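Note sheet for the following structure.
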Amino acid sequence: MSDAHVHAHEGQNDSLFKIALNLTLACFISGAIIAGTYAFTNPIAEKKMVQLKEDAMKDLVKDAETFQPVEGKDNWYVAVKGGEEIAYVVPGESKGYGGKIEMLVAVTPDGKVIDYNIIKMNETPGLGDKGAKEPFKTQFAGKAAEQLEVTKDPSNQENIQALTGATITSRAVTKGVRDAVEEVTEFTGVK
Amino acid sequence: MSEKQSVWATFKYGVFEANPIFVLALSLCPALAVTSNIISALGMGFSVMFVITANNVVISIVRKWVNPKVRVPVYITSIATIVTLVQLILQAFFPTLYQELSIYLALIVVFAIILARAEVFASKNTVFPSFLDGFGMGVGFTGAMLLIAAIRELFGNGTLAGIQIFGSWYNPALVMILPPGGFITIGLLIALFNLIKQHRAKLRSQRGEA
Amino acid sequence: MNTSILILIVMTAIGLCFGLILAFGNKKLAIEMNPLIHIVEDALPKGQCGACGYAGCLAYAEAVVLDPDVPPNMCIPGKEKVAKIVAELTGKTAEAVEPRIAQVKCAGSHAKAVINYNYDGVQDCVAANLLLGGPKSCKYGCLGLATCVKNCPFDAMTMSPDGLPVIDPNKCTGCGKCETVCPRHVISMLNLKAHVRVNCNSKDKGPVAKKACTVACIGCSRCAKDCQYGAIKIENNLAVVDTHVCLEKCDNATCLAKCPTGAIKPAVFGIVPGTEGQESIDAICKVCAPEAKTTPPPAM
Amino acid sequence: MSVNLETNMLTVSPSPHIRTEESIPKIMWNVNLAVAPAALFGIFYFGLPALITIAVSIISAVGTEYLIQKWQKKPVTINDGSACVTGLLLAMCLPPQIPFYMTAIGAFVAIAISKHTMGGLGFNIFNPAHIGRAILMASWPVAMTTWSANSLSKVDALTTATPLNILKQHGYDQLIQVFGSQSELYKALFLGTRNGSLGETSTILLLLGGLYLIYKGYIKWQVPVCMIGTVGLLTWIFGGSAGLFTGDPLFNMMAGGLFIGAFFMATDMVTVPITTKGQIIFAVGAGFITTLIRLKGGYPEGVCYSILLMNCVTPLIDRYVRPVRFGARR
Amino acid sequence: MAEYFTLFMGAVIVNNFVLTRFLGLCIFFGISKNFSASVGMGMAVTSVMTLSSILAWVVYNYVLAPYNLTFLTTVVFVVLIASFVQLLEMIIKKHAPTLYGMWGIYLLLIATNCIVLGVPLINAESNFNFIKSVIYAIGSGVGFAVAIILMASLREKLQYADVPKPLQGLGIAFILAGMLALSFLGFSGMIPQ
Amino acid sequence: MHKSFRGGVHPNDRKNYSADIPIELAPLPKKVVIPVSQHIGAPCTPLVKKGDAVKKGQLIAKSDAFVSSPVHASLSGTVVDVAEYPHPVSGRAQAIVIENDGLDEWVEGLPLERDWQKLSPEEMLKIVREAGIVGMGGATFPTHVKLAPPKEKKIDYLIINGAECEPYLTSDYRVMLEWTDRMVTGVQITMKILGVSKGFIGIEDNKQDAVQVLKKAFSGTNVDVVVLPTRYPQGAEKMLIKMLVDREVPSGGLPMDVGVVVQNVGTVVAICDAVTRGIPLIERVTTVSGLAVAQPKNLLLRVGTTFADVVELCGGLKEKPEKIVMGGPMMGMAQHTLEVPVIKGVSGILLLAKKEVNEGKEGPCIRCGRCVEACPMGVIPSMFSILGQQGRFVEAKEEYHVLDCCECGSCAYVCPAKRNIPHYVRLCKAQNAKAANK
Ligand SMILES: Cc1cc2nc3c(=O)[nH]c(=O)nc-3n(C[C@H](O)[C@H](O)[C@H](O)COP(=O)(O)O)c2cc1C
Ligand SMILES: Cc1cc2nc3c(=O)[nH]c(=O)nc-3n(C[C@H](O)[C@H](O)[C@H](O)COP(=O)(O)O)c2cc1C
Ligand SMILES: Cc1cc2nc3c(=O)[nH]c(=O)nc-3n(C[C@H](O)[C@H](O)[C@H](O)COP(=O)(O)O)c2cc1C
Ligand SMILES: Cc1cc2nc3c(=O)[nH]c(=O)nc-3n(C[C@H](O)[C@H](O)[C@H](O)CO)c2cc1C
Ligand code: SF4
Ligand code: SF4
Ligand code: SF4
Ligand code: SF4
Ligand code: FES
């Protein structure tokens with residue numbers, strides 16, 4: 001038991017340089033190990049990232065064959081099927097109940113929603129986070145920008161039905177999608 | 001026999017007597033932050049288990065060469081290295097889990113339990129006991145995480161590991177996956193832990209006297 | 001540049017940087033605390049009872065490590081075992097700690113002692129003692145409100161249903177905390193090996209004592225006369241046993257049988273010479289229960 | 001005539017030897033009594049569901065207290081009425097149609113977690129009824145904010161939202177429109193013919209109950225006055241959409257649970273500061289937070305949280321706000 | 001200006017680090033037994049966190065980010081902070097002994113704590129500019145201080161109470177924290193649009 | 001005009017039971033039990049032994065300590081016992097028992113007649129000391145100590161405490177009404193001993209008769225009779241000083257620290273008797289009251305008369321008393337037997353019936369704050385009961401100033417949880433004193 005402490009006493013006489021060297025060495029070794037691992041995992045991780053992104057987009061636009069980055073727009077992709085541009089996949093963002101909501105929205109070139117995917121949000125689980133799920137999501141398919149408006153009237157089929165108890169989230173998601181749609185229509189110049 | 005016993009005792013110590021969460025009250029942040037569902041709790045638990053065991057082994061190997069003046073920084077460097085490895089590996093192979101655990105993965109570095117075991121145990125013991133100690137602590141930590149997460153997920157979401165347990169009649173009590181539910185759950189679990197301990201001590205003293 | 005090399009450079013630079021800073025800082029700024037103090041503190045029982053005369057275990061550890069004049073055997077709860085360890089750690093020589101245990105010098109249970117009034121105040125002996133000296137007719141007896149029990153740092157005391165504290169001989173360390181908190185000085189410390197003890201605290205004259213309590217020591221001095229070694233004396237109408245005399249000389253405790261009220265009792269842990277068979281700890285525990293083996297003879 | 005003292009022992013107890021006639025049960029049952037009119041009005045107005053909610057809440061609260069005290073082998077004190085107050089006040093803050101099991105869970109949490117984990121009557125730090133409500137709010141926000149019309153009740157379909165909800169969601173003009181005119185709105189708020197938690201609607205009856213308690217000396221008038229006053233002042237200044245000093249203080253003071261909170265909850269002696277000065281600080285703070293939540297927060301109503309938040313601050317207030325000690329060197 | 005205020009208040013109250021984001025819980029529960037220690041700890045955390053955030057920001061933005069070494073953030077930050085705190089401790093001990101008397105014992109605890117590492121990490125992750133980083137760090141520190149001081153005052157008050165034995169200590173502390181967090185839910189959703 | 005003190009309570013004063021009954025000279029008891037310790041300070045040692053014959057006024061016990069007061073025989077007769085007897089304050093204590101010989105003879109030389117005007121303050125102080133005079137307001141602090149303040153404390157005022165704020169008690173009231181002349185002389189003597197030129201008499205407004213009488217008696221002197229609102233504890237000296245001269249005795253201080261000496265009306269009468277006629281303190285006026293006694297009375301009793309004899313004089317008991325109290329109901333001490341004797345500080349003997357006391361089981365403090373509001377000293381009484389219960393005595397002293405508490409009982413009176421706060425206070429004080437002595 002007292003061993004360690006006796007040890008501690010002996011340390012007193014070590015030179016400054018020796019102490020420093022000790023930590024340097026530790027860091028060097030650590031660096032070496034990390035570097036080795038990084039060299040090994042990084043390519044895999046990068047591949048995985050690309051793959052994930054593809055998957056996510058594929059999820060939104062099921063029948064797309066490839067996705068190509070859009071010139072001049074960060075993180076915009078256009079889905080191509082048979083050489084035809086069938087959809088744009090663009091990032092969207094808005095402020096929800098618990099902070100920023102980030103999403104990926106798929107829009108047809110003529111400004112109709114295909115689907116969207118929430119990438120990041122901090123809404124209340126069980127309440128606001130239903131905004132990322134069915135059946136709320138389904139309502140968006142095929143709607144144009146001016147239809148993207150939240151309603152609490154159950155008979156209204158035209159617009160988006162609010163989630164019970166999470167109107168704020170509903171509005172936020174709807175707004176994020178609408179902004180994305182509007183940006184796409186502006187870009188493509190339709191209508 | 002006695003060898004075996006002490007192996008068991010070293011291991012058991014971290015699981016029960018000195019459970020990192022319920023008894024030592026160290027590394028509490030993940031016990032709340034990533035226990036709203038079982039999957040992330042387990043991911044965190046295993047990560048910590050790996051880090052603490054690996055670090056204990058590393059420290060017990062290098063302890064002779066570490067200058068006491070820079071003991072803490074060196075230990076931390078070691079922990080940080082291992083954590084970074086875990087990060088890199090998870091990022092490469094389980095990217096979704098990596099995102100779920102987010103910042104808390106990085107924070108494993110500063111979980112007091114890991115440094116504490118390095119200081120208290122690994123720096124004074126040989127490789128095998130250190131391994132056992134780390135492993136025991138890791139198991140204790142993971143077990144506690146699992147228990148907390150199971151309760152919170154079950155009552156807060158009606159599911160376990162994402163699988164629906166209660167039927168649709170169950171109206172989940174959201175509070176369980178919100179911060180207050182987490183705190184109160186752990187508080188009650190600690191009380192339960194103490195009750196069991198008290199009960200066992202009573203039994204033991206009764207047996208001892210008889 | 002290659003990432004791997006970059007990593008190495010950054011890490012090494014950081015290590016060197018902080019290594020130097022810390023090493024330098026340690027040289028220039030550090031103040032060491034004697035680590036032995038904590039080791040000694042670890043060896044102490046951590047009852048924080050203050051029986052050593054210091055404010056808690058850490059304070060004693062500090063004193064015994066730093067001050068060569070502080071003996072290593074001050075911790076009474078620790079008994080010889082701790083004294084030996086502390087002596088070893090500090091390089092001092094340990095003298096034996098006289099092992100002792102608490103004794104309750106009163107047998108005036110609800111049934112035996114006369115109560116003057118219903119006490120309806122704060123449930124604490126000191127408080128009751130402040131109010132007309134407490135409800136018991138005997139003004140030396142136990143008030144039975146458990147102040148000692150509440151203050152025992154080792155959880156060694158309980159209250160018996162008939163209103164007297166009971167000491168668990170397995171848990172009592174002899175720290176003496178109960179002795180200091182009892183407003184009636186009913187508890188005192190007894191040598192662990194003592195043979196007999198006086199189970200009463202009343203300094204009243206015989207008749208007064210008798211009127212207040214059926215099991216009182218009435219100062220009749222039969223025990224004193226009986227003891228051929230002169231170990232028992234009557235002081236202030238109360239028998240007092242000199243344990244050392246008993247331990248040195250006596251091998252047949254005949255005094256026990258002489259007391260008309262049964263105020264003289266075998267000591268808790270003691271081996272009573274003359275009684276057949278030696279009482280083990282386990283057997284003694286039954287002695288704690290009301291009515292010891294030596295039932296008092298009918299009153300005079 | 002002489003009386004023999006020898007036969008029975010006298011009692012000796014410390015001074016003083018005379019005491020007031022007040023006792024804990026007396027105070028608690030009087031609070032129950034004071035709350036009762038508003039509760040009865042709730043039953044009258046919302047019908048059977050309200051009665052069920054009140055009954056379940058009280059039975060569950062008292063039953064929980066009984067079981068816990070039995071389990072801990074402590075003396076059972078359900079007769080002192082404090083658990084009944086908690087149950088009743090919890091029910092008063094719930095929507096009338098809330099499923100009964102939620103009510104039961106709320107009352108259980110209020111008594112078991114909030115009161116008895118801390119040692120029972122007198123020791124709890126947070127207002128048990130409000131903890132119960134806050135837990136329910138966090139658990140089942142949908143049920144807690146659903147104000148449906150009910151065939152048995154006298155609520156008409158138009159006003160299925162609470163006034164504060166309408167204000168938060170649609171603005172003041174819509175509110176006036178729903179009620180017809182400003183004076184109609186005030187009348188509804190004052191008499192209680194509006195939607196809301198089952199016991200919070202009738203301002204007049206709550207006021208009467210509160211005045212009764214003030215008259216009996218169980219609560220201090222400063223507390224409700226300061227809390228309601230603070231809300232009125234702040235909403236008048238900041239509550240309007242047309243700039244400063246355009247808010248509607250009268251509406252804000254009568255809407256939501258402010259009256260019940262100010263008269264019966266900010267006055268729960270166990271959980272508020274012990275000095276009058278401290279209680280005034282408490283009341284003003286609670287009023288401030290209520291307004292903050294109403295105007296800026298995620299909820300339409302903030303009385304419950306404001307009182308819980310001030311409960312957190314109570315020990316700090318008690319630490320620093322003390323009476324002036326006689327003869328303390330200044 | 002308003003943006004900074006929102007950021008600050010958000011960190012202090014709405015998204016209080018201890019009560020809603022779970023950082024720094026070990027010291028939150030460990031130190032809050034004692035009121036004056038909590039006040040000291042609150043101040044110490046705030047100042048250490050601000051200083052180390054500044055350091056970390058510089059390192060991150062001038063070393064790690066430009067060279068694409070962000071995966072080293074964890075290692076670098078933790079060594080940086082641990083060493084910095086140790087150095088700080090030594091300097092204070094030497095040059096401001098009274099200050100050391102007040103804060104000294106807390107400094108070592110802070111060195112390896114979630115919140116002190118977490119905030120710089122979040123700063124880095126959110127790409128905050130310098131001023132934002134500093135404000136966020138101060139806000140988080142103040143939020144921590146508020147939480148721990150409230151908690152300590154509640155726990156001291158509970159010492160007068162008759163808490164059931166198995167709950168005494170840590171158990172009741174967690175339940176208190178739960179109720180504190182429940183109360184703070186009242187601020188949720190209070191993000192100015 | 002007067003600064004009011006904070007807090008206080010208004011219990012039903014029930015003085016009407018005995019207020020209008022004139023002081024009755026009690027017949028001599030068969031025997032008296034005279035404890036040798038009847039005051040705060042060092043106890044006396046008996047000077048007589050069993051069998052000795054003693055005369056009324058004879059010195060029978062004394063002590064050389066300064067803070068102490070001698071004891072005199074209150075009857076002529078024979079000492080039949082010197083032993084422990086029940087004592088109304090300490091439970092049991094040494095006492096001298098004298099059997100009455102029925103002669104009621106004065107010890108030689110008493111009473112005498114002398115002109116106090118001719119005596120110097122020092123001589124009079126010595127007389128007060130030898131006469132065994134102690135404070136008769138209840139605290140029984142030796143009066144000569146209070147009348148001899150250290151040189152550096154300049155005394156500006158003498159205050160006569162006629163407040164009698166305790167419910168039931170009417171003995172001071174009767175003294176003021178009936179013994180006005182002796183009181184006037186006593187006040188003048190006391191002022192001369194202290195060398196002060198200004199005096200105040202404070203009387204609660206529920207004793208208007210006394211006010212009228214005293215106003216007349218003291219008109220033309222430099223003693224003001226001041227009417228005070230009826231509020232317990234108006235008669236506590238700190239409150240009285242605050243009301244009358246607007247000075248606040250500092251925490252831990254004594255009245256003399258603010259240049260004031262406070263004496264009870266009974267005490268000044270005793271001073272008058274001692275100085276003008278040489279009579280030691282052997283008798284006092286005591287109120288016997290309460291619903292359990294047949295005839296409430298104000299009796300002039302010899303020190304040492306047992307309570308049993310006193311009750312007999314009042315027609316015995318009407319019903320079983322719930323409590324027997326020595327002193328007032330707010331600060332007095334409960335007794336368990338009528339065998340205790342009347343001592344110099346016994347201002348009242350109360351035999352309280354069940355319906356008067358409102359006893360109840362002590363419950364947990366519900367923090368209602370009534371005690372805080374009622375406390376005249378501005379401390380937080382509820383904390384004393386909680387800290388005392390938990391054994392946290394040092395905290396009670398250092399953080400909550402338990403030593404400031406004057407044990408007036410207002411807090412416990414109003415407490416709905418019936419907490420025994422003053423008892424906890426005494427416990428805290430005792431434990432702190434014990435710790436300080438170690
Ligand atoms: C604990 C808690 C969490 C909540 N989380 C959300 C949320 O994530 N999203 C949301 O829109 N509303 C949330 N709310 C509800 C809001 O406060 C608000 O009541 C609701 O958005 C109004 O919607 P409604 O009009 O459908 O009732 C939450 C409420 C509580 C009590
Ligand atoms: C230890 C002690 C010393 C005192 N010394 C003095 C003193 O020197 N001068 C004085 O005027 N009164 C002195 N007093 C008397 C108090 O001021 C007070 O009159 C007495 O205790 C009775 O007051 P009470 O009935 O309000 O308790 C002393 C009291 C105590 C207990
Ligand atoms: C709470 C309290 C109430 C008191 N009430 C009276 C009272 O009514 N009349 C009185 O003469 N003394 C009363 N006293 C005692 C006075 O404080 C003071 O001791 C006394 O007037 C001094 O005079 P003495 O030494 O001549 O007795 C009271 C003391 C306390 C602490
Ligand atoms: C004036 C008054 C107000 C009360 N308010 C509440 C309350 O808001 N919530 C509650 O649970 N109990 C309340 N009680 C009852 C009691 O204080 C409560 O059960 C304790 O908080 C439990 O320890 C109140 C009691 C009184 C006398
Ligand atoms: S006489 Fe002795 S045994 Fe009896 S009560 Fe008194 S001290 Fe106790
Ligand atoms: S021994 Fe002393 S402290 Fe213990 S119960 Fe008896 S009187 Fe009280
Ligand atoms: S019984 Fe007394 S001596 Fe024994 S451990 Fe307890 S306090 Fe110490
Ligand atoms: S009056 Fe009684 S219940 Fe009220 S605060 Fe004071 S001690 Fe507590
Ligand atoms: S785990 Fe976060 S502070 Fe310990």
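Identifiers in this document derive from the order of the structure tokens: chains are assigned A, B, ..., residues are numbered from 1 separately in each chain, and ligands are numbered from 1 in order of occurrence.
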
Find the nearest atom pair between each residue of chain D and ligand 4 for residues within 7 Å, count only C-alpha atoms and all ligand atoms, give distances in Å to one decimal, sort rows by chain and ascending number, and present the table as JSON lines.
{"residue": "D:Ile27", "atom": "CA", "partner": "ligand 4", "partner_atom_place_in_ligand_line": "27 (C)", "distance": 5.6}
{"residue": "D:Met28", "atom": "CA", "partner": "ligand 4", "partner_atom_place_in_ligand_line": "27 (C)", "distance": 5.2}
{"residue": "D:Val31", "atom": "CA", "partner": "ligand 4", "partner_atom_place_in_ligand_line": "27 (C)", "distance": 5.8}
{"residue": "D:Ser82", "atom": "CA", "partner": "ligand 4", "partner_atom_place_in_ligand_line": "19 (O)", "distance": 4.1}
{"residue": "D:Ala83", "atom": "CA", "partner": "ligand 4", "partner_atom_place_in_ligand_line": "19 (O)", "distance": 5.2}
{"residue": "D:Val85", "atom": "CA", "partner": "ligand 4", "partner_atom_place_in_ligand_line": "15 (C)", "distance": 5.1}
{"residue": "D:Thr86", "atom": "CA", "partner": "ligand 4", "partner_atom_place_in_ligand_line": "11 (O)", "distance": 3.6}
{"residue": "D:Leu89", "atom": "CA", "partner": "ligand 4", "partner_atom_place_in_ligand_line": "9 (N)", "distance": 6.0}
{"residue": "D:Lys115", "atom": "CA", "partner": "ligand 4", "partner_atom_place_in_ligand_line": "23 (O)", "distance": 5.6}
{"residue": "D:Gly120", "atom": "CA", "partner": "ligand 4", "partner_atom_place_in_ligand_line": "23 (O)", "distance": 5.6}
{"residue": "D:Leu121", "atom": "CA", "partner": "ligand 4", "partner_atom_place_in_ligand_line": "23 (O)", "distance": 3.4}
{"residue": "D:Gly122", "atom": "CA", "partner": "ligand 4", "partner_atom_place_in_ligand_line": "23 (O)", "distance": 4.5}
{"residue": "D:Phe123", "atom": "CA", "partner": "ligand 4", "partner_atom_place_in_ligand_line": "23 (O)", "distance": 6.0}
{"residue": "D:Asn124", "atom": "CA", "partner": "ligand 4", "partner_atom_place_in_ligand_line": "23 (O)", "distance": 5.3}
{"residue": "D:Asn127", "atom": "CA", "partner": "ligand 4", "partner_atom_place_in_ligand_line": "9 (N)", "distance": 5.0}
{"residue": "D:Pro128", "atom": "CA", "partner": "ligand 4", "partner_atom_place_in_ligand_line": "11 (O)", "distance": 4.0}
{"residue": "D:Ala129", "atom": "CA", "partner": "ligand 4", "partner_atom_place_in_ligand_line": "11 (O)", "distance": 3.9}
{"residue": "D:His130", "atom": "CA", "partner": "ligand 4", "partner_atom_place_in_ligand_line": "9 (N)", "distance": 6.5}
{"residue": "D:Tyr218", "atom": "CA", "partner": "ligand 4", "partner_atom_place_in_ligand_line": "1 (C)", "distance": 6.0}
{"residue": "D:Ile219", "atom": "CA", "partner": "ligand 4", "partner_atom_place_in_ligand_line": "1 (C)", "distance": 5.6}
{"residue": "D:Phe264", "atom": "CA", "partner": "ligand 4", "partner_atom_place_in_ligand_line": "3 (C)", "distance": 4.6}
{"residue": "D:Met265", "atom": "CA", "partner": "ligand 4", "partner_atom_place_in_ligand_line": "8 (O)", "distance": 3.5}
{"residue": "D:Ala266", "atom": "CA", "partner": "ligand 4", "partner_atom_place_in_ligand_line": "8 (O)", "distance": 6.8}
{"residue": "D:Thr267", "atom": "CA", "partner": "ligand 4", "partner_atom_place_in_ligand_line": "1 (C)", "distance": 5.1}
{"residue": "D:Asp268", "atom": "CA", "partner": "ligand 4", "partner_atom_place_in_ligand_line": "3 (C)", "distance": 3.6}
{"residue": "D:Met269", "atom": "CA", "partner": "ligand 4", "partner_atom_place_in_ligand_line": "17 (O)", "distance": 6.0}
{"residue": "D:Val270", "atom": "CA", "partner": "ligand 4", "partner_atom_place_in_ligand_line": "21 (O)", "distance": 5.1}
{"residue": "D:Thr271", "atom": "CA", "partner": "ligand 4", "partner_atom_place_in_ligand_line": "21 (O)", "distance": 6.2}

So that I can see what lies close to C:Met157, please list as a PyMOL selection string the residues with an atom at most 8 Å from it, counting only C-alpha atoms and leaving out residues fewer than 4 positions away in the same chain.
chain C and resi 148-149+152+165-168+172

Stretch 154-164 of chain E: which residues within 9 Å, counting only C-alpha atoms, same-chain residues fewer than 3 positions away excluded, as a ChimeraX atom specification?
/D:72,116-120,122-125,312-316 /E:32-35,149-151,167-168,172-173,176 /F:383,386-387,390

Let's see if you can do this: from backbone DSSP, list all strand (DSSP E or B) residues in stretch 9-116 of chain A, as a count of residues only.
34

Select residues of chain A: the criterion is any atom within 8 Å of an atom of chain C, counting only C-alpha atoms; output as a PyMOL selection string.
chain A and resi 2+5+16-17+19-28+30-32+34-36+38-39

Surroundings of ligand 7 up to 10 Å, based on only C-alpha atoms and all ligand atoms, as number ranges by chain
C: 47, 49-51, 76-77, 100-104, 148-158, 165-181, 187-190

Close residues, stretch 16-18 of chain B itself excluded, 10 Å, only C-alpha atoms, min 5 positions apart in chain, as number ranges by chain
B: 9, 11, 23-25, 136-137, 139-141, 144, 193, 197

Could you give me the residues within 7 Å of ligand 8, counting only C-alpha atoms and all ligand atoms, as a PyMOL selection string?
chain F and resi 364-372+381-382+385+411-412+414-419+421
